[in-house]
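Asker: Just one file: structure.cif, with mmCIF, C-alpha atoms (C1' of nucleotides).
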data_model
#
loop_
_atom_site.label_atom_id
_atom_site.label_comp_id
_atom_site.auth_asym_id
_atom_site.auth_seq_id
_atom_site.Cartn_x
_atom_site.Cartn_y
_atom_site.Cartn_z
CA MET J 103 -40.51 -36.00 -52.37
CA ALA J 104 -41.98 -39.12 -50.87
CA GLY J 105 -40.28 -41.62 -48.62
CA ARG J 106 -39.48 -42.20 -45.00
CA PRO J 107 -37.55 -39.29 -43.55
CA LYS J 108 -33.88 -39.51 -42.65
CA ILE J 109 -33.23 -39.41 -38.96
CA PHE J 110 -29.69 -38.11 -39.20
CA ASP J 111 -27.59 -35.36 -40.67
CA GLU J 112 -24.68 -36.56 -42.73
CA GLN J 113 -22.19 -33.97 -41.46
CA GLU J 114 -23.13 -34.66 -37.89
CA VAL J 115 -22.67 -38.41 -38.06
CA ILE J 116 -19.37 -37.95 -39.90
CA ALA J 117 -18.23 -35.66 -37.10
CA LYS J 118 -19.14 -38.30 -34.56
CA ALA J 119 -17.32 -40.98 -36.50
CA SER J 120 -14.30 -38.68 -36.73
CA ASN J 121 -13.88 -38.74 -32.98
CA ILE J 122 -13.67 -42.52 -33.00
CA PHE J 123 -11.31 -42.63 -35.96
CA TRP J 124 -9.13 -39.91 -34.48
CA GLU J 125 -8.78 -41.75 -31.21
CA LYS J 126 -8.48 -45.30 -32.47
CA GLY J 127 -7.30 -45.07 -36.05
CA TYR J 128 -8.89 -46.77 -39.02
CA GLU J 129 -8.44 -50.48 -38.38
CA ALA J 130 -9.02 -50.41 -34.66
CA ALA J 131 -12.28 -48.53 -34.99
CA SER J 132 -14.89 -51.25 -35.38
CA SER J 133 -17.95 -50.60 -37.47
CA GLU J 134 -20.04 -51.52 -34.47
CA GLU J 135 -18.70 -48.71 -32.28
CA LEU J 136 -18.73 -46.30 -35.20
CA LEU J 137 -22.39 -47.00 -35.82
CA LYS J 138 -23.13 -46.70 -32.13
CA ALA J 139 -21.37 -43.36 -31.91
CA MET J 140 -23.12 -42.16 -35.04
CA GLY J 141 -26.45 -43.28 -33.65
CA ILE J 142 -27.64 -44.98 -36.82
CA GLY J 143 -28.15 -48.59 -37.88
CA LYS J 144 -26.43 -50.63 -40.52
CA GLY J 145 -29.32 -50.32 -42.93
CA SER J 146 -29.08 -46.56 -43.10
CA PHE J 147 -25.34 -46.51 -43.01
CA TYR J 148 -24.70 -48.76 -45.96
CA LEU J 149 -27.43 -47.03 -47.92
CA PHE J 150 -25.75 -43.65 -47.63
CA PHE J 151 -22.15 -44.79 -47.44
CA LYS J 152 -21.91 -47.26 -50.27
CA GLY J 153 -18.14 -47.34 -49.85
CA GLY J 154 -18.57 -48.62 -46.29
CA LYS J 155 -15.99 -47.95 -43.61
CA LYS J 156 -13.34 -46.67 -45.98
CA GLU J 157 -15.65 -44.03 -47.42
CA LEU J 158 -16.61 -42.95 -43.92
CA TYR J 159 -12.96 -42.67 -42.96
CA GLU J 160 -12.08 -40.54 -45.94
CA LYS J 161 -15.07 -38.29 -45.44
CA SER J 162 -14.15 -37.97 -41.76
CA LEU J 163 -10.65 -36.88 -42.64
CA LYS J 164 -11.80 -34.42 -45.28
CA GLN J 165 -14.49 -32.89 -43.13
CA TYR J 166 -12.32 -32.64 -40.05
CA ALA J 167 -9.43 -31.14 -42.00
CA ASN J 168 -11.55 -28.70 -43.91
CA ASN J 169 -13.18 -27.48 -40.72
CA LEU J 170 -9.81 -27.09 -39.06
CA LEU J 171 -8.24 -25.36 -42.03
CA SER J 172 -11.19 -23.01 -42.45
CA SER J 173 -11.10 -22.15 -38.79
CA ILE J 174 -7.40 -21.39 -38.92
CA ARG J 175 -7.74 -19.31 -42.08
CA LYS J 176 -10.53 -17.34 -40.51
CA ASP J 177 -8.62 -16.75 -37.29
CA ILE J 178 -5.55 -15.62 -39.18
CA SER J 179 -7.44 -13.32 -41.48
CA GLU J 180 -9.11 -11.71 -38.48
CA SER J 181 -5.95 -11.48 -36.44
CA ASP J 182 -4.00 -8.25 -36.42
CA ASN J 183 -0.80 -10.16 -35.77
CA PRO J 184 -0.85 -13.51 -37.58
CA ILE J 185 2.63 -14.38 -36.31
CA GLU J 186 1.42 -14.17 -32.74
CA TYR J 187 -1.52 -16.34 -33.70
CA LEU J 188 0.82 -18.96 -35.11
CA LYS J 189 2.79 -18.97 -31.90
CA LYS J 190 -0.31 -19.53 -29.82
CA PHE J 191 -1.36 -22.23 -32.24
CA PHE J 192 1.80 -24.16 -31.45
CA PHE J 193 1.99 -23.45 -27.75
CA GLN J 194 -1.41 -25.03 -27.26
CA LEU J 195 0.32 -28.34 -28.00
CA ALA J 196 2.18 -28.04 -24.71
CA ASP J 197 -0.99 -27.63 -22.73
CA THR J 198 -1.76 -30.72 -20.69
CA THR J 199 -5.30 -29.61 -20.04
CA ASN J 200 -5.88 -29.93 -23.77
CA ILE J 201 -8.42 -32.70 -24.26
CA HIS J 202 -6.80 -33.96 -27.41
CA LYS J 203 -3.36 -34.32 -25.89
CA ALA J 204 -3.07 -38.06 -26.23
CA LYS J 205 -4.81 -38.26 -29.57
CA GLY J 206 -2.18 -36.51 -31.64
CA CYS J 207 -3.10 -35.03 -35.00
CA PHE J 208 -5.92 -36.82 -36.79
CA MET J 209 -4.23 -36.28 -40.14
CA GLY J 210 -0.78 -37.21 -38.91
CA ASN J 211 -2.12 -40.39 -37.36
CA ALA J 212 -3.87 -41.25 -40.60
CA LEU J 213 -0.73 -40.58 -42.62
CA VAL J 214 1.24 -42.96 -40.45
CA GLU J 215 -1.39 -45.67 -40.54
CA MET J 216 -2.19 -45.39 -44.25
CA ALA J 217 1.31 -44.82 -45.58
CA THR J 218 1.92 -48.50 -46.17
CA LYS J 219 -1.69 -49.60 -46.29
CA ASP J 220 -3.58 -47.49 -48.81
CA GLU J 221 -1.87 -45.26 -51.31
CA TYR J 222 -5.02 -43.36 -52.22
CA THR J 223 -5.89 -42.42 -48.65
CA LYS J 224 -2.29 -41.57 -47.94
CA GLN J 225 -2.24 -39.11 -50.82
CA LEU J 226 -5.51 -37.67 -49.63
CA VAL J 227 -4.16 -37.01 -46.15
CA ALA J 228 -0.84 -35.77 -47.46
CA GLY J 229 -2.81 -33.25 -49.50
CA LEU J 230 -4.69 -32.05 -46.43
CA LEU J 231 -1.50 -31.61 -44.43
CA ASN J 232 -0.07 -29.80 -47.40
CA GLU J 233 -2.87 -27.30 -47.15
CA LEU J 234 -1.85 -26.60 -43.59
CA GLU J 235 1.70 -26.04 -44.79
CA ILE J 236 0.42 -23.62 -47.42
CA ILE J 237 -1.39 -21.65 -44.75
CA PHE J 238 1.88 -21.41 -42.82
CA ILE J 239 3.77 -20.33 -45.93
CA ASN J 240 1.23 -17.71 -46.94
CA THR J 241 0.98 -16.36 -43.42
CA VAL J 242 4.74 -16.00 -43.18
CA GLU J 243 4.94 -14.45 -46.61
CA LYS J 244 2.31 -11.88 -45.79
CA ALA J 245 3.90 -11.13 -42.44
CA LYS J 246 7.12 -10.35 -44.19
CA GLU J 247 5.35 -7.95 -46.51
CA ASP J 248 3.72 -6.30 -43.54
CA ASN J 249 7.08 -6.01 -41.79
CA LEU J 250 5.87 -8.19 -38.97
CA LEU J 251 8.73 -10.55 -39.59
CA MET J 252 12.39 -10.02 -40.47
CA THR J 253 14.31 -12.99 -41.73
CA ASN J 254 16.43 -14.01 -44.67
CA LYS J 255 14.87 -17.47 -44.78
CA SER J 256 12.33 -18.22 -47.47
CA SER J 257 8.67 -18.47 -46.54
CA LYS J 258 8.59 -21.95 -48.06
CA LEU J 259 11.37 -23.09 -45.77
CA ILE J 260 9.75 -21.63 -42.69
CA GLY J 261 6.37 -23.06 -43.67
CA SER J 262 7.78 -26.53 -44.14
CA HIS J 263 9.57 -26.18 -40.84
CA LEU J 264 6.33 -25.31 -39.10
CA LEU J 265 4.50 -28.25 -40.63
CA ASN J 266 7.31 -30.57 -39.62
CA LEU J 267 7.26 -29.08 -36.15
CA TRP J 268 3.54 -29.76 -35.99
CA ASN J 269 4.03 -33.36 -37.11
CA GLY J 270 6.84 -33.88 -34.66
CA LEU J 271 5.16 -32.35 -31.65
CA ASN J 272 2.07 -34.45 -32.17
CA VAL J 273 4.23 -37.52 -31.84
CA THR J 274 6.65 -36.27 -29.21
CA ARG J 275 4.05 -35.04 -26.79
CA ARG J 276 2.69 -38.55 -26.56
CA MET J 277 5.84 -39.49 -24.74
CA ASP J 278 4.37 -37.71 -21.75
CA ALA J 279 7.07 -35.10 -21.40
CA ASP J 280 6.21 -32.36 -18.94
CA ASP J 281 4.63 -29.16 -20.17
CA ALA J 282 7.67 -27.05 -19.38
CA SER J 283 9.96 -29.13 -21.59
CA LEU J 284 7.51 -29.05 -24.44
CA GLU J 285 7.13 -25.32 -24.08
CA ALA J 286 10.87 -24.80 -24.16
CA LEU J 287 11.07 -27.01 -27.22
CA ILE J 288 8.35 -25.05 -29.00
CA LYS J 289 9.87 -21.74 -28.01
CA PHE J 290 13.18 -22.80 -29.46
CA ASN J 291 11.59 -23.91 -32.72
CA LEU J 292 9.65 -20.69 -33.05
CA GLU J 293 12.63 -18.39 -32.67
CA ILE J 294 12.60 -18.10 -36.43
CA LEU J 295 9.34 -16.20 -36.04
CA THR J 296 10.96 -13.57 -33.84
CA MET G 288 19.24 -81.83 -22.11
CA ALA G 289 16.82 -84.11 -23.91
CA GLY G 290 14.10 -83.13 -26.35
CA ARG G 291 13.57 -82.38 -29.99
CA PRO G 292 15.87 -79.59 -31.15
CA LYS G 293 14.64 -76.09 -31.90
CA ILE G 294 14.75 -75.22 -35.56
CA PHE G 295 14.93 -71.48 -35.07
CA ASP G 296 16.87 -68.79 -33.29
CA GLU G 297 14.76 -66.50 -31.17
CA GLN G 298 16.58 -63.31 -32.10
CA GLU G 299 16.39 -64.14 -35.78
CA VAL G 300 12.66 -64.78 -35.86
CA ILE G 301 12.05 -61.65 -33.84
CA ALA G 302 14.05 -59.68 -36.37
CA LYS G 303 11.94 -61.11 -39.16
CA ALA G 304 8.75 -60.29 -37.32
CA SER G 305 10.05 -56.77 -36.74
CA ASN G 306 10.06 -56.10 -40.46
CA ILE G 307 6.40 -56.99 -40.71
CA PHE G 308 5.44 -54.98 -37.63
CA TRP G 309 7.50 -52.03 -38.79
CA GLU G 310 5.82 -51.97 -42.16
CA LYS G 311 2.26 -52.78 -41.15
CA GLY G 312 1.94 -51.86 -37.52
CA TYR G 313 0.62 -54.07 -34.75
CA GLU G 314 -3.02 -54.66 -35.65
CA ALA G 315 -2.57 -54.92 -39.38
CA ALA G 316 0.16 -57.52 -39.07
CA SER G 317 -1.71 -60.82 -39.03
CA SER G 318 -0.31 -63.69 -37.06
CA GLU G 319 -0.44 -65.74 -40.23
CA GLU G 320 1.98 -63.52 -42.12
CA LEU G 321 4.13 -63.07 -39.06
CA LEU G 322 4.50 -66.82 -38.69
CA LYS G 323 5.18 -67.17 -42.39
CA ALA G 324 7.89 -64.51 -42.27
CA MET G 325 9.38 -66.06 -39.18
CA GLY G 326 9.33 -69.49 -40.82
CA ILE G 327 7.90 -71.32 -37.83
CA GLY G 328 4.56 -72.91 -37.07
CA LYS G 329 1.96 -72.05 -34.48
CA GLY G 330 2.99 -74.91 -32.24
CA SER G 331 6.49 -73.60 -31.79
CA PHE G 332 5.45 -70.00 -31.67
CA TYR G 333 2.95 -70.26 -28.85
CA LEU G 334 5.30 -72.50 -26.92
CA PHE G 335 8.06 -69.89 -26.88
CA PHE G 336 5.93 -66.78 -26.95
CA LYS G 337 3.35 -67.47 -24.30
CA GLY G 338 2.20 -63.88 -24.52
CA GLY G 339 1.28 -64.39 -28.17
CA LYS G 340 1.30 -61.56 -30.66
CA LYS G 341 1.65 -58.82 -28.06
CA GLU G 342 4.76 -60.37 -26.56
CA LEU G 343 6.25 -60.73 -30.02
CA TYR G 344 5.52 -57.09 -30.76
CA GLU G 345 7.12 -55.87 -27.59
CA LYS G 346 10.17 -58.04 -28.09
CA SER G 347 10.40 -56.80 -31.66
CA LEU G 348 10.38 -53.22 -30.52
CA LYS G 349 12.92 -53.80 -27.77
CA GLN G 350 15.29 -55.79 -29.93
CA TYR G 351 15.08 -53.40 -32.87
CA ALA G 352 15.55 -50.37 -30.67
CA ASN G 353 18.39 -51.84 -28.68
CA ASN G 354 20.21 -52.81 -31.85
CA LEU G 355 19.71 -49.37 -33.29
CA LEU G 356 20.73 -47.60 -30.11
CA SER G 357 23.80 -49.79 -29.69
CA SER G 358 24.81 -49.18 -33.26
CA ILE G 359 24.46 -45.44 -32.88
CA ARG G 360 26.37 -45.39 -29.59
CA LYS G 361 29.16 -47.40 -31.15
CA ASP G 362 29.35 -45.17 -34.23
CA ILE G 363 29.44 -42.06 -32.09
CA SER G 364 32.07 -43.38 -29.74
CA GLU G 365 34.24 -44.31 -32.70
CA SER G 366 33.66 -41.05 -34.55
CA ASP G 367 36.20 -38.27 -34.22
CA ASN G 368 33.47 -35.72 -34.81
CA PRO G 369 30.18 -36.84 -33.26
CA ILE G 370 28.43 -33.68 -34.40
CA GLU G 371 29.18 -34.50 -38.01
CA TYR G 372 27.90 -37.99 -37.37
CA LEU G 373 24.63 -36.61 -36.04
CA LYS G 374 24.23 -34.50 -39.13
CA LYS G 375 24.68 -37.47 -41.41
CA PHE G 376 22.29 -39.41 -39.23
CA PHE G 377 19.58 -36.88 -40.00
CA PHE G 378 20.40 -36.23 -43.63
CA GLN G 379 19.88 -39.88 -44.42
CA LEU G 380 16.19 -39.23 -43.83
CA ALA G 381 16.14 -37.13 -46.99
CA ASP G 382 17.56 -39.88 -49.13
CA THR G 383 14.92 -41.36 -51.40
CA THR G 384 17.04 -44.37 -52.18
CA ASN G 385 16.69 -45.30 -48.53
CA ILE G 386 14.76 -48.55 -48.39
CA HIS G 387 12.91 -47.60 -45.27
CA LYS G 388 11.65 -44.28 -46.60
CA ALA G 389 7.98 -45.11 -46.52
CA LYS G 390 8.08 -47.05 -43.29
CA GLY G 391 8.87 -44.20 -40.96
CA CYS G 392 10.40 -44.92 -37.56
CA PHE G 393 9.38 -48.24 -36.05
CA MET G 394 9.24 -46.72 -32.59
CA GLY G 395 7.42 -43.60 -33.69
CA ASN G 396 4.86 -45.68 -35.55
CA ALA G 397 4.37 -47.83 -32.49
CA LEU G 398 3.98 -44.79 -30.24
CA VAL G 399 1.25 -43.43 -32.48
CA GLU G 400 -0.58 -46.72 -32.72
CA MET G 401 -0.28 -47.67 -29.07
CA ALA G 402 -0.82 -44.27 -27.49
CA THR G 403 -4.56 -44.78 -27.13
CA LYS G 404 -4.57 -48.55 -27.30
CA ASP G 405 -2.14 -49.94 -24.76
CA GLU G 406 -0.64 -47.86 -22.00
CA TYR G 407 2.05 -50.39 -21.13
CA THR G 408 3.39 -50.71 -24.66
CA LYS G 409 3.19 -46.96 -25.12
CA GLN G 410 5.37 -46.43 -22.07
CA LEU G 411 7.77 -49.05 -23.32
CA VAL G 412 8.18 -47.32 -26.66
CA ALA G 413 8.34 -43.89 -25.07
CA GLY G 414 11.20 -45.20 -22.97
CA LEU G 415 13.06 -46.43 -26.04
CA LEU G 416 12.67 -43.11 -27.82
CA ASN G 417 13.82 -41.46 -24.64
CA GLU G 418 17.05 -43.40 -24.85
CA LEU G 419 17.61 -41.97 -28.29
CA GLU G 420 17.05 -38.51 -26.86
CA ILE G 421 19.58 -39.23 -24.14
CA ILE G 422 22.14 -40.21 -26.76
CA PHE G 423 21.54 -36.88 -28.47
CA ILE G 424 21.86 -35.00 -25.21
CA ASN G 425 25.04 -36.76 -24.14
CA THR G 426 26.61 -36.34 -27.54
CA VAL G 427 25.88 -32.64 -27.57
CA GLU G 428 27.12 -32.26 -24.02
CA LYS G 429 30.37 -33.97 -24.78
CA ALA G 430 30.82 -32.01 -27.99
CA LYS G 431 30.53 -28.83 -25.99
CA GLU G 432 33.21 -30.01 -23.59
CA ASP G 433 35.43 -30.88 -26.54
CA ASN G 434 34.86 -27.48 -28.07
CA LEU G 435 33.26 -29.03 -31.12
CA LEU G 436 30.16 -27.00 -30.52
CA MET G 437 29.56 -23.42 -29.40
CA THR G 438 26.09 -22.53 -28.26
CA ASN G 439 24.34 -21.02 -25.31
CA LYS G 440 21.46 -23.50 -25.55
CA SER G 441 21.31 -26.34 -23.05
CA SER G 442 22.19 -29.83 -24.17
CA LYS G 443 18.81 -31.00 -22.93
CA LEU G 444 17.03 -28.50 -25.15
CA ILE G 445 19.07 -29.41 -28.19
CA GLY G 446 18.62 -33.11 -27.50
CA SER G 447 14.87 -32.79 -27.23
CA HIS G 448 14.88 -30.72 -30.37
CA LEU G 449 16.74 -33.45 -32.23
CA LEU G 450 14.38 -36.14 -31.03
CA ASN G 451 11.40 -34.06 -32.04
CA LEU G 452 13.03 -33.41 -35.40
CA TRP G 453 13.45 -37.15 -35.81
CA ASN G 454 9.83 -37.77 -34.94
CA GLY G 455 8.64 -35.06 -37.26
CA LEU G 456 10.76 -36.02 -40.24
CA ASN G 457 9.62 -39.61 -40.04
CA VAL G 458 6.08 -38.40 -40.47
CA THR G 459 6.71 -35.53 -42.86
CA ARG G 460 8.76 -37.47 -45.34
CA ARG G 461 5.82 -39.77 -45.91
CA MET G 462 4.11 -36.87 -47.61
CA ASP G 463 6.41 -37.56 -50.53
CA ALA G 464 8.15 -34.22 -50.56
CA ASP G 465 11.16 -34.07 -52.84
CA ASP G 466 14.60 -34.77 -51.46
CA ALA G 467 15.79 -31.21 -51.92
CA SER G 468 13.01 -29.76 -49.75
CA LEU G 469 13.63 -32.30 -47.03
CA GLU G 470 17.34 -31.59 -47.13
CA ALA G 471 16.75 -27.87 -46.81
CA LEU G 472 14.41 -28.53 -43.91
CA ILE G 473 16.95 -30.70 -42.15
CA LYS G 474 19.76 -28.25 -42.81
CA PHE G 475 17.70 -25.49 -41.25
CA ASN G 476 16.92 -27.55 -38.18
CA LEU G 477 20.53 -28.52 -37.73
CA GLU G 478 21.89 -24.98 -37.78
CA ILE G 479 21.98 -25.20 -34.02
CA LEU G 480 24.76 -27.76 -34.44
CA THR G 481 26.92 -25.31 -36.38
"C1'" DC S 248 -56.91 -44.22 -48.53
"C1'" DC S 249 -53.84 -46.28 -51.46
"C1'" DT S 250 -49.51 -46.56 -53.90
"C1'" DA S 251 -44.92 -45.45 -54.90
"C1'" DT S 252 -40.82 -44.22 -52.70
"C1'" DT S 253 -37.34 -43.88 -49.35
"C1'" DT S 254 -35.33 -45.04 -44.87
"C1'" DT S 255 -34.81 -48.11 -41.06
"C1'" DG S 256 -33.87 -52.19 -38.17
"C1'" DT S 257 -32.60 -56.87 -37.86
"C1'" DA S 258 -31.40 -61.30 -39.02
"C1'" DC S 259 -27.92 -63.36 -41.34
"C1'" DC S 260 -23.33 -64.52 -43.50
"C1'" DA S 261 -18.69 -65.66 -45.10
"C1'" DT S 262 -14.14 -64.58 -43.78
"C1'" DT S 263 -10.54 -63.66 -40.84
"C1'" DT S 264 -8.82 -63.19 -36.33
"C1'" DG S 265 -5.62 -64.78 -32.51
"C1'" DG S 266 -5.26 -68.72 -30.03
"C1'" DT S 267 -5.59 -73.88 -28.20
"C1'" DA S 268 -5.34 -79.04 -28.15
"C1'" DC S 269 -2.95 -82.73 -29.10
"C1'" DA S 270 -0.81 -86.38 -31.66
"C1'" DT S 271 3.70 -87.00 -33.54
"C1'" DA S 272 8.59 -86.29 -34.32
"C1'" DA S 273 13.22 -85.85 -32.72
"C1'" DT S 274 16.28 -85.67 -29.37
"C1'" DT S 275 19.25 -87.28 -24.73
"C1'" DA S 276 20.13 -89.83 -20.66
"C1'" DA S 277 19.82 -94.12 -18.45
"C1'" DT N 154 16.47 -99.85 -26.37
"C1'" DT N 155 13.59 -97.46 -23.91
"C1'" DA N 156 11.71 -93.73 -21.28
"C1'" DA N 157 11.54 -88.99 -20.51
"C1'" DT N 158 11.61 -84.70 -22.56
"C1'" DT N 159 11.12 -81.06 -25.74
"C1'" DA N 160 9.70 -79.13 -30.22
"C1'" DT N 161 6.76 -79.30 -34.30
"C1'" DG N 162 2.72 -79.40 -37.37
"C1'" DT N 163 -2.08 -79.54 -37.93
"C1'" DA N 164 -6.70 -79.70 -37.02
"C1'" DC N 165 -9.74 -77.14 -34.73
"C1'" DC N 166 -12.33 -73.20 -32.39
"C1'" DA N 167 -14.94 -69.26 -30.51
"C1'" DA N 168 -15.29 -64.51 -31.29
"C1'" DA N 169 -15.28 -60.58 -34.02
"C1'" DT N 170 -15.05 -58.50 -38.50
"C1'" DG N 171 -17.21 -55.75 -42.34
"C1'" DG N 172 -20.94 -56.30 -45.12
"C1'" DT N 173 -25.67 -57.95 -47.36
"C1'" DA N 174 -30.63 -59.12 -47.77
"C1'" DC N 175 -34.92 -57.96 -46.96
"C1'" DA N 176 -39.13 -57.14 -44.57
"C1'" DA N 177 -41.25 -53.44 -42.15
"C1'" DA N 178 -41.98 -48.53 -41.29
"C1'" DA N 179 -42.83 -43.88 -42.56
"C1'" DT N 180 -43.54 -40.44 -45.58
"C1'" DA N 181 -45.74 -37.57 -50.08
"C1'" DG N 182 -48.61 -37.36 -53.92
"C1'" DG N 183 -52.66 -38.75 -56.34
#
Let me see the file written as structure tokens.
Answerer:
Amino acid sequence: MAGRPKIFDEQEVIAKASNIFWEKGYEAASSEELLKAMGIGKGSFYLFFKGGKKELYEKSLKQYANNLLSSIRKDISESDNPIEYLKKFFFQLADTTNIHKAKGCFMGNALVEMATKDEYTKQLVAGLLNELEIIFINTVEKAKEDNLLMTNKSSKLIGSHLLNLWNGLNVTRRMDADDASLEALIKFNLEILT
Amino acid sequence: MAGRPKIFDEQEVIAKASNIFWEKGYEAASSEELLKAMGIGKGSFYLFFKGGKKELYEKSLKQYANNLLSSIRKDISESDNPIEYLKKFFFQLADTTNIHKAKGCFMGNALVEMATKDEYTKQLVAGLLNELEIIFINTVEKAKEDNLLMTNKSSKLIGSHLLNLWNGLNVTRRMDADDASLEALIKFNLEILT
DNA sequence: CCTATTTTGTACCATTTGGTACATAATTAA
DNA sequence: TTAATTATGTACCAAATGGTACAAAATAGG
């Protein structure tokens, strides 16, 4: 294989672009700052991302989501009490020291921005969030089987509740409520997991 | 008072601009389409909105929110069962025939878009959403006094839960879930009002 | 060492952006 | 009728946008 060698790794530059997109959203992230963050020039970028900014955005969302989902799946499968894991997962949203506090959920942000702007991307993001919901549902279902959880509510209902809680908290916490209020709110919404 | 007469009403043009901002967000709403929707030219616009697009956006948010809040307060004060009113208020979010289904909540959208972009506007919107929360809290509090509601949870907790539910549903329903699932989700989250 | 191949960096570009300048139109008060 | 005042419409503008063209650089194989 001849040719000048690439100076970047695709996954790495996508990860760097993700941070910009997550913080600023699609439109507000200029290609200039994206390129700067990625550390590559326009020549290379448009050679490897023929779809331009939109392609980069979609790949950012997919990669970020898949990493997150994989990480959660792994943690749950390794946990001896998945319900407790879920609780911690939500309580982290009340932690002010969390770096990502003001950024919300990358997928949720994208859903809001793309909902009226780009049907394809919206469906893509909706699918990713759906995968998170499925994780919730499966985790709850298995916990029931393992007698870790007693409830007459369906796993589907609880899973959809958890996803909606996730979506809501990622908006609500941007109102700068104090940690204690958020914690009480989360605790209340997780009583179903008791 | 001398001078050429105005051809527009400020509140009316703000309302028209609100529809564009609500649907597209701040950045994606171009001044061209805003002006077109408002039916006025640049000359008039920049004369009355010295702050330009940003001022228009903020006034749109304030006016929309104040109208909504006033309307809700009025409905509640006239209702003989405010708790039932609240339930209907939420169940409308599961109605597909609702015109605004895909648009989410104007304030929630703005909070997401402005959170990392403009601290002032973010605080403004957070304040407006807070007013909605206060309505929830006061309504619940009064319902308790009137024995319309029995619960050992604080009104503040329930109010914050309702606001978070509102925020969540306005994101979640953009995933195009079917009405029945959304209804079940809402029903579950409103059991506290039973 | 030369050639084919692949990547890189930069100069360039059309379009769109929000916003301004200013002449003109439409009023009222004197 | 005229002068002062206020609103309107349009021509214009600098800056920023995402994207393209292309020459130069860096490699591998022959």
Asker: Residues picked by the PyMOL selection byres ((chain G) within 6 of (chain J)) here, as a PyMOL selection string?
Answerer: chain G and resi 413+451+454-455+459+462
Asker: Residues of chain S within 9 Å of chain G: nearest atom pair and distance (Å, one decimal) for each, counting only C-alpha atoms (C1' of nucleotides), sorted by chain and number, as a Markdown table?
Answerer:
| residue | atom | partner | partner_atom | distance |
| --- | --- | --- | --- | --- |
| S:DT264 | C1' | G:Ser317 | CA | 8.0 |
| S:DG265 | C1' | G:Ser318 | CA | 7.1 |
| S:DG266 | C1' | G:Gly339 | CA | 8.1 |
| S:DA272 | C1' | G:Arg291 | CA | 7.7 |
| S:DA273 | C1' | G:Arg291 | CA | 4.4 |
| S:DT274 | C1' | G:Arg291 | CA | 4.3 |
| S:DT275 | C1' | G:Ala289 | CA | 4.1 |
| S:DA276 | C1' | G:Ala289 | CA | 7.4 |
Asker: Contacts of region 250-262 of chain S at 12 Å or less, counting only C-alpha atoms (C1' of nucleotides), minus same-chain residues fewer than 4 places along, as a PyMOL selection string?
Answerer: (chain J and resi 103-110+142-150) or (chain N and resi 169-183)
Asker: Identify all residues satisfying the PyMOL selection byres ((chain N) within 7 of (chain G)) in the given file; provide them as number ranges by chain.
Answerer: N: 158-162
Asker: List the residues selected by the PyMOL selection byres ((chain J and resi 187-198) around 7) in the file shown, writing them as a count of residues only.
Answerer: 12
Asker: What is the CA of Leu234 (chain J) to CA of Met394 (chain G) distance in Å?
Answerer: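 Going from CA of Leu234 (chain J) over to CA of Met394 (chain G) covers 25.5 Å.
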Asker: CA of Leu295 (chain J) to CA of Asn168 (chain J): how many Å, to one decimal?
Answerer: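 Distance reported for this atom pair: 25.6 Å.
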Asker: Give me, please, the distance in Å between CA of Asn354 (chain G) and CA of Tyr313 (chain G), quoted to one decimal.
Answerer: 19.8 Å
